[in-house]
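**Student:** Data: work16.pdb, PDB, C-alpha atoms.
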ATOM      1  CA  GLU J   1     158.770 -23.169  63.489
ATOM      2  CA  GLU J   2     158.366 -19.430  63.914
ATOM      3  CA  GLU J   3     156.240 -18.373  66.844
ATOM      4  CA  HIS J   4     153.330 -16.133  65.926
ATOM      5  CA  PRO J   5     151.886 -13.850  68.595
ATOM      6  CA  ARG J   6     148.311 -14.534  69.581
ATOM      7  CA  ALA J   7     145.915 -12.297  71.420
ATOM      8  CA  VAL J   8     146.160 -12.302  75.201
ATOM      9  CA  SER J   9     144.080 -10.578  77.842
ATOM     10  CA  SER J  10     146.609  -8.006  79.047
ATOM     11  CA  ALA J  11     147.259  -4.532  77.647
ATOM     12  CA  GLU J  12     150.304  -5.815  75.776
ATOM     13  CA  ASP J  13     151.093  -9.228  74.414
ATOM     14  CA  GLY J  14     154.408 -11.010  74.822
ATOM     15  CA  GLU J  15     155.920  -9.285  71.791
ATOM     16  CA  GLY J  16     155.041  -5.798  73.007
ATOM     17  CA  HIS J  17     152.185  -5.284  70.549
ATOM     18  CA  ARG J  18     149.215  -3.197  71.614
ATOM     19  CA  VAL J  19     146.214  -5.375  72.357
ATOM     20  CA  THR J  20     142.635  -4.083  72.363
ATOM     21  CA  ASN J  21     139.878  -6.152  73.965
ATOM     22  CA  SER J  22     142.220  -9.146  73.972
ATOM     23  CA  ARG J  23     142.949  -8.653  70.289
ATOM     24  CA  ILE J  24     146.084  -7.364  68.587
ATOM     25  CA  SER J  25     145.925  -3.901  67.032
ATOM     26  CA  ILE J  26     147.332  -3.700  63.527
ATOM     27  CA  GLY J  27     149.608  -0.692  63.470
ATOM     28  CA  TYR J  28     151.217   0.844  60.407
ATOM     29  CA  ASP J  29     154.716   2.284  60.149
ATOM     30  CA  GLU J  30     155.408   4.676  57.263
ATOM     31  CA  ARG J  31     159.088   3.780  57.116
ATOM     32  CA  HIS J  32     158.478   0.063  56.704
ATOM     33  CA  ARG J  33     155.238   0.561  54.768
ATOM     34  CA  ALA J  34     154.067  -2.269  56.998
ATOM     35  CA  ALA J  35     153.534  -3.145  60.666
ATOM     36  CA  PRO J  36     155.819  -1.434  63.211
ATOM     37  CA  THR J  37     157.697  -4.670  63.974
ATOM     38  CA  ALA J  38     158.908  -7.588  61.892
ATOM     39  CA  GLU J  39     157.240  -9.963  64.377
ATOM     40  CA  LEU J  40     153.803  -8.428  63.922
ATOM     41  CA  HIS J  41     154.235  -8.338  60.144
ATOM     42  CA  SER J  42     155.207 -12.022  60.077
ATOM     43  CA  SER J  43     152.343 -12.964  62.367
ATOM     44  CA  LEU J  44     149.813 -11.044  60.307
ATOM     45  CA  ALA J  45     151.111 -12.382  56.986
ATOM     46  CA  HIS J  46     151.041 -15.940  58.358
ATOM     47  CA  ASP J  47     147.500 -15.598  59.680
ATOM     48  CA  ILE J  48     146.247 -13.975  56.483
ATOM     49  CA  GLY J  49     147.771 -16.844  54.516
ATOM     50  CA  HIS J  50     145.891 -19.301  56.716
ATOM     51  CA  VAL J  51     142.611 -17.412  56.239
ATOM     52  CA  VAL J  52     143.080 -17.340  52.458
ATOM     53  CA  ARG J  53     143.773 -21.077  52.276
ATOM     54  CA  THR J  54     140.925 -22.121  54.551
ATOM     55  CA  HIS J  55     138.154 -19.555  54.028
ATOM     56  CA  CYS J  56     138.665 -17.566  50.845
ATOM     57  CA  PRO J  57     136.635 -18.459  47.740
ATOM     58  CA  MET J  58     139.068 -18.933  44.843
ATOM     59  CA  GLN J  59     136.877 -17.715  42.015
ATOM     60  CA  TRP J  60     138.548 -14.492  40.942
ATOM     61  CA  LYS J  61     141.697 -13.681  39.003
ATOM     62  CA  SER J  62     143.032 -11.644  41.903
ATOM     63  CA  TRP J  63     142.143 -10.255  45.314
ATOM     64  CA  ARG J  64     141.806  -6.810  43.735
ATOM     65  CA  VAL J  65     138.873  -7.775  41.502
ATOM     66  CA  MET J  66     137.047  -9.731  44.203
ATOM     67  CA  PRO J  67     133.719  -8.125  45.218
ATOM     68  CA  ASP J  68     134.032  -5.922  48.299
ATOM     69  CA  GLU J  69     131.425  -7.848  50.268
ATOM     70  CA  ILE J  70     133.459 -11.059  49.855
ATOM     71  CA  LYS J  71     136.643  -9.258  50.921
ATOM     72  CA  VAL J  72     134.930  -7.963  54.056
ATOM     73  CA  GLU J  73     133.697 -11.459  54.876
ATOM     74  CA  VAL J  74     137.134 -13.023  54.375
ATOM     75  CA  ARG J  75     138.951 -10.256  56.281
ATOM     76  CA  GLY J  76     136.481 -10.766  59.114
ATOM     77  CA  GLN J  77     138.078 -14.149  59.800
ATOM     78  CA  LEU J  78     141.018 -12.233  61.282
ATOM     79  CA  SER J  79     138.845 -10.582  63.924
ATOM     80  CA  THR J  80     139.343 -13.468  66.363
ATOM     81  CA  ASN J  81     142.929 -12.356  66.931
ATOM     82  CA  TYR J  82     143.096  -8.841  65.504
ATOM     83  CA  ASN J  83     141.169  -5.647  66.115
ATOM     84  CA  LEU J  84     139.808  -4.643  62.700
ATOM     85  CA  GLU J  85     137.233  -2.081  63.810
ATOM     86  CA  ASP J  86     139.396   1.028  63.858
ATOM     87  CA  LEU J  87     141.737   0.477  60.925
ATOM     88  CA  ASP J  88     142.799   3.728  59.294
ATOM     89  CA  GLU J  89     143.128   3.924  55.529
ATOM     90  CA  GLU J  90     146.849   3.116  55.483
ATOM     91  CA  SER J  91     146.420   0.078  57.723
ATOM     92  CA  LEU J  92     143.527  -1.224  55.635
ATOM     93  CA  THR J  93     145.567  -0.761  52.447
ATOM     94  CA  TYR J  94     148.418  -2.682  54.094
ATOM     95  CA  VAL J  95     146.106  -5.528  55.154
ATOM     96  CA  ASN J  96     144.617  -5.674  51.660
ATOM     97  CA  ARG J  97     148.113  -5.774  50.184
ATOM     98  CA  LEU J  98     148.949  -8.796  52.323
ATOM     99  CA  PHE J  99     145.691 -10.463  51.318
ATOM    100  CA  ALA J 100     146.478  -9.785  47.649
ATOM    101  CA  GLU J 101     149.964 -11.307  48.015
ATOM    102  CA  ARG J 102     148.688 -14.369  49.849
ATOM    103  CA  TYR J 103     145.802 -14.843  47.410
ATOM    104  CA  LYS J 104     148.249 -14.707  44.495
ATOM    105  CA  GLN J 105     150.608 -17.167  46.202
ATOM    106  CA  TRP J 106     147.832 -19.622  47.055
ATOM    107  CA  LYS J 107     146.486 -19.439  43.518
ATOM    108  CA  SER J 108     150.003 -20.128  42.232
ATOM    109  CA  ASP J 109     150.332 -23.127  44.578
ATOM    110  CA  LEU J 110     147.000 -24.462  43.337
ATOM    111  CA  HIS J 111     148.150 -23.995  39.740
ATOM    112  CA  HIS J 112     151.247 -26.104  40.447
ATOM    113  CA  HIS J 113     148.974 -28.751  41.945
ATOM    114  CA  PHE J 114     146.766 -28.629  38.836
ATOM    115  CA  GLN J 115     149.805 -29.012  36.568
ATOM    116  CA  ALA J 116     150.779 -32.249  38.313
ATOM    117  CA  PHE J 117     147.922 -33.938  36.428
ATOM    118  CA  ASP J 118     148.441 -34.897  32.786
ATOM    119  CA  ASP J 119     144.743 -34.639  32.034
ATOM    120  CA  PRO J 120     142.797 -31.509  33.065
ATOM    121  CA  GLN J 121     139.629 -33.596  33.308
ATOM    122  CA  VAL J 122     141.280 -35.924  35.816
ATOM    123  CA  ALA J 123     142.514 -32.882  37.737
ATOM    124  CA  LEU J 124     138.955 -31.577  37.879
ATOM    125  CA  GLN J 125     137.380 -34.855  38.946
ATOM    126  CA  GLU J 126     140.040 -36.255  41.261
ATOM    127  CA  GLY J 127     142.466 -33.461  42.060
ATOM    128  CA  CYS J 128     140.549 -31.176  44.406
ATOM    129  CA  PRO J 129     143.028 -30.421  47.220
ATOM    130  CA  LYS J 130     141.947 -31.145  50.771
ATOM    131  CA  GLU J 131     141.966 -27.425  51.623
ATOM    132  CA  LEU J 132     139.122 -26.921  49.130
ATOM    133  CA  GLU J 133     137.020 -29.885  50.229
ATOM    134  CA  GLY J 134     133.483 -28.647  50.711
ATOM    135  CA  ARG J 135     134.302 -25.763  48.366
ATOM    136  CA  GLU J 136     134.541 -27.739  45.142
ATOM    137  CA  ASP J 137     133.024 -24.837  43.217
ATOM    138  CA  SER J 138     136.319 -22.984  43.742
ATOM    139  CA  TRP J 139     138.298 -25.908  42.319
ATOM    140  CA  GLU J 140     135.967 -26.116  39.320
ATOM    141  CA  TRP J 141     136.440 -22.408  38.655
ATOM    142  CA  LEU J 142     140.220 -22.699  39.003
ATOM    143  CA  CYS J 143     140.461 -25.687  36.652
ATOM    144  CA  ALA J 144     138.611 -23.726  33.972
ATOM    145  CA  HIS J 145     140.639 -20.590  34.704
ATOM    146  CA  PHE J 146     143.986 -22.422  34.475
ATOM    147  CA  GLN J 147     143.046 -23.728  31.018
ATOM    148  CA  ALA J 148     141.907 -20.376  29.643
ATOM    149  CA  PRO J 149     144.304 -19.167  26.904
ATOM    150  CA  GLU J 150     144.851 -15.811  28.623
ATOM    151  CA  PHE J 151     146.040 -17.434  31.860
ATOM    152  CA  ALA J 152     148.022 -20.224  30.176
ATOM    153  CA  ASN J 153     149.921 -17.760  27.967
ATOM    154  CA  LYS J 154     150.692 -15.456  30.883
ATOM    155  CA  ALA J 155     151.912 -18.382  33.004
ATOM    156  CA  GLN J 156     154.243 -19.441  30.187
ATOM    157  CA  VAL J 157     155.682 -15.927  29.850
ATOM    158  CA  ASN J 158     156.217 -15.668  33.619
ATOM    159  CA  LYS J 159     157.970 -19.031  33.645
ATOM    160  CA  GLY J 160     160.315 -17.845  30.895
ATOM    161  CA  ASN J 161     161.047 -14.608  32.739
ATOM    162  CA  ARG J 162     161.938 -16.488  35.930
ATOM    163  CA  LYS J 163     164.457 -18.584  34.009
ATOM    164  CA  LYS J 164     166.190 -15.427  32.761
ATOM    165  CA  LYS J 165     166.814 -14.076  36.247
ATOM    166  CA  THR J 166     170.450 -13.955  37.316
ATOM    167  CA  LEU J 167     169.576 -13.307  40.969
ATOM    168  CA  LEU J 168     166.718 -14.759  42.966
ATOM    169  CA  HIS J 169     165.049 -12.929  45.832
ATOM    170  CA  HIS J 170     164.303 -15.272  48.720
ATOM    171  CA  SER J 171     163.247 -13.223  51.729
ATOM    172  CA  GLY J 172     159.489 -13.535  51.242
ATOM    173  CA  SER J 173     157.247 -10.524  51.680
ATOM    174  CA  ARG J 174     159.085  -9.082  54.683
ATOM    175  CA  PRO J 175     160.225  -5.506  53.952
ATOM    176  CA  PHE J 176     163.987  -4.969  53.674
ATOM    177  CA  SER J 177     163.770  -2.174  56.253
ATOM    178  CA  TYR J 178     163.213  -4.708  59.061
ATOM    179  CA  ARG J 179     166.408  -6.494  58.075
ATOM    180  CA  MET J 180     168.285  -3.194  57.838
ATOM    181  CA  ASP J 181     167.249  -2.319  61.391
ATOM    182  CA  ALA J 182     168.352  -5.726  62.638
ATOM    183  CA  ARG J 183     171.720  -5.397  60.905
ATOM    184  CA  ARG J 184     172.246  -1.940  62.405
ATOM    185  CA  ARG J 185     171.439  -3.291  65.866
ATOM    186  CA  GLU J 186     174.077  -5.952  65.280
ATOM    187  CA  GLY J 187     176.593  -3.176  64.606
ATOM    188  CA  SER J 188     176.886  -3.494  60.839
ATOM    189  CA  LYS J 189     178.625  -0.553  59.166
ATOM    190  CA  PHE J 190     177.192  -1.511  55.767
ATOM    191  CA  PRO J 191     173.662  -2.803  56.414
ATOM    192  CA  GLU J 192     172.597  -2.340  52.776
ATOM    193  CA  ILE J 193     175.344  -4.658  51.526
ATOM    194  CA  ASP J 194     174.694  -7.193  54.280
ATOM    195  CA  VAL J 195     170.970  -7.239  53.561
ATOM    196  CA  PHE J 196     171.627  -7.720  49.849
ATOM    197  CA  GLY J 197     173.701 -10.782  50.691
ATOM    198  CA  ASP J 198     170.949 -12.034  52.983
ATOM    199  CA  VAL J 199     168.073 -11.885  50.548
ATOM    200  CA  TYR J 200     169.476 -12.721  47.127
ATOM    201  CA  VAL J 201     170.922 -15.973  45.862
ATOM    202  CA  ARG J 202     172.058 -17.042  42.442
ATOM    203  CA  PRO J 203     170.008 -19.697  40.666
ATOM    204  CA  GLY J 204     171.331 -23.069  41.779
ATOM    205  CA  ASN J 205     171.685 -21.778  45.355
ATOM    206  CA  GLU J 206     175.085 -20.202  44.823
ATOM    207  CA  LEU J 207     175.230 -17.505  47.481
ATOM    208  CA  ALA J 208     175.154 -13.927  46.312
ATOM    209  CA  GLU J 209     178.117 -13.262  48.604
ATOM    210  CA  SER J 210     180.244 -14.309  45.648
ATOM    211  CA  LEU J 211     179.256 -11.013  44.029
ATOM    212  CA  HIS J 212     180.803  -8.848  46.731
TER     213      HIS J 212
END
Please express what this file holds, its structure, as structure tokens.
**Tutor:**
Amino acid sequence: EEEHPRAVSSAEDGEGHRVTNSRISIGYDERHRAAPTAELHSSLAHDIGHVVRTHCPMQWKSWRVMPDEIKVEVRGQLSTNYNLEDLDEESLTYVNRLFAERYKQWKSDLHHHFQAFDDPQVALQEGCPKELEGREDSWEWLCAHFQAPEFANKAQVNKGNRKKKTLLHHSGSRPFSYRMDARRREGSKFPEIDVFGDVYVRPGNELAESLH
């Protein structure tokens, strides 16, 4: 299990991240278009995923269209571990991007859960996942949303597109630039090629190395 840095009381935490008032500062690195280190990015993405699953109302098509006051409330759940007061525009955009990705992923996971039921009515009445207990209104909204023609048609198209792919990307949301840096530190003369082999596989788990 990957270790995720948590706020500590010193000026720096164990990973070398700046900590303000015992909370981690969210930096932004232009080159990565993300946090300065892969560790901080992973930690932040993990924690945002947890916040989305446990606190975020699931009653909108996407994070982008969610009302701002709800976004502020949900983002505020991060303030236990992260300093959110002084985020510049780029950092806030980055945090929102992670929230949007995690919201989309969680909604997709919930859709898969919904599809496990043969009868949508049974899904509605008996299928509310434990993460949404006490927030059944979100499950009700999702069940209706998943059955709407617009969503159902789009889901079918996306499923078809995934089947057509000849290469599958499997490195998650971590920017390639982190991997490139790591490969360079390891002495790789061709980090781009190495990273390509790291993050793509053929459908059926055949390694993309067979392409080189």
**Student:** Provide the CA of Glu89 in chain J to CA of Asp68 in chain J distance in Å, to one decimal place.
**Tutor:**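 Distance between the two atoms: 15.2 Å.
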**Student:** List as a PyMOL selection string the protein and nucleic acid residues near Ser91 in chain J, meaning an atom at most 9 Å away when all atoms listed in the file are counted, but skip any in the same chain fewer than 6 places from it.
**Tutor:** chain J and resi 26-29+34-35
**Student:** Just the selected residues (C-alpha atoms), exported as a PDB file, in the coordinates of the input, please.
**Tutor:**
ATOM      1  CA  ILE J  26     147.332  -3.700  63.527  1.00  0.00           C
ATOM      2  CA  GLY J  27     149.608  -0.692  63.470  1.00  0.00           C
ATOM      3  CA  TYR J  28     151.217   0.844  60.407  1.00  0.00           C
ATOM      4  CA  ASP J  29     154.716   2.284  60.149  1.00  0.00           C
ATOM      5  CA  ALA J  34     154.067  -2.269  56.998  1.00  0.00           C
ATOM      6  CA  ALA J  35     153.534  -3.145  60.666  1.00  0.00           C
TER       7      ALA J  35
END
**Student:** Quote the spacing between CA of Val74 in chain J and CA of Glu39 in chain J in Å to one decimal place.
**Tutor:**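 Between CA of Val74 in chain J and CA of Glu39 in chain J the gap is 22.7 Å.
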**Student:** Would you kindly return, as JSON, numbers by chain, each protein, DNA or RNA residue with an atom no farther than 10 Å from any atom of range 108-121 of chain J, considering all atoms listed in the file and excluding same-chain residues fewer than 6 positions away?
**Tutor:** {"J": [58, 102, 127, 128, 129, 139, 142, 143, 144, 145, 146, 147, 155]}
**Student:** So, counting all atoms listed in the file, which residue among J:Pro149, J:Ser25, J:Tyr103, J:Asn96 is closest to Val72 in chain J?
**Tutor:**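 Among J:Pro149, J:Ser25, J:Tyr103, J:Asn96, it is J:Asn96 that comes nearest to Val72 in chain J.
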**Student:** Tell me, in Å to one decimal, how far CA of Lys61 in chain J is from CA of Glu150 in chain J.
**Tutor:** 11.1 Å
**Student:** I want to know what sits within 10 Å of Gln77 in chain J, based on all atoms listed in the file, with residues of the same chain fewer than 5 positions away left out; could you give that as an mmCIF file with C-alpha atoms, keeping the file's coordinate frame?
**Tutor:**
data_model
loop_
_atom_site.group_PDB
_atom_site.id
_atom_site.type_symbol
_atom_site.label_atom_id
_atom_site.label_comp_id
_atom_site.auth_asym_id
_atom_site.auth_seq_id
_atom_site.Cartn_x
_atom_site.Cartn_y
_atom_site.Cartn_z
ATOM 1 C CA ASP J 47 147.500 -15.598 59.680
ATOM 2 C CA ILE J 48 146.247 -13.975 56.483
ATOM 3 C CA HIS J 50 145.891 -19.301 56.716
ATOM 4 C CA VAL J 51 142.611 -17.412 56.239
ATOM 5 C CA VAL J 52 143.080 -17.340 52.458
ATOM 6 C CA THR J 54 140.925 -22.121 54.551
ATOM 7 C CA HIS J 55 138.154 -19.555 54.028
ATOM 8 C CA CYS J 56 138.665 -17.566 50.845
ATOM 9 C CA VAL J 72 134.930 -7.963 54.056
ATOM 10 C CA TYR J 82 143.096 -8.841 65.504
#
**Student:** (142.9, -24.7, 52.8) in this file's frame - what residues fall within 7 Å of it? Use all atoms listed in the file and give the answer as a list in words.
**Tutor:**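 The distance filter leaves exactly Arg53, Thr54, Lys130, Glu131 and Leu132 of chain J.
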**Student:** Could the residues in this selection be written to a file with C-alpha atoms, as a JSON list (two decimals), keeping the file's coordinate frame?
**Tutor:**
[["chain", "number", "residue", "atom", "x", "y", "z"],
["J", 53, "ARG", "CA", 143.77, -21.08, 52.28],
["J", 54, "THR", "CA", 140.93, -22.12, 54.55],
["J", 130, "LYS", "CA", 141.95, -31.14, 50.77],
["J", 131, "GLU", "CA", 141.97, -27.42, 51.62],
["J", 132, "LEU", "CA", 139.12, -26.92, 49.13]]
**Student:** I'd like to know which of J:Ser43, J:Thr37, J:Thr80, J:Gln59 is closest to Ser138 in chain J, using all atoms listed in the file.
**Tutor:**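 Between J:Ser43, J:Thr37, J:Thr80, J:Gln59, the residue approaching Ser138 in chain J most closely is J:Gln59.
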**Student:** Nearest residue to Asp86 in chain J out of J:His32, J:Ala123, J:Ile24, J:Asp137, using all atoms listed in the file?
**Tutor:**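 Counting all atoms listed in the file, the residue closest to Asp86 in chain J is J:Ile24.
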**Student:** What are the centre and the three edge lengths of an axis-aligned box that wraps all atoms of range 38-48 of chain J in the file, given that 8 Å is added to every side, written as lines of an AutoDock Vina configuration file and rounded to one decimal in Å?
**Tutor:**
center_x = 152.6
center_y = -11.8
center_z = 60.4
size_x = 28.7
size_y = 24.4
size_z = 23.9
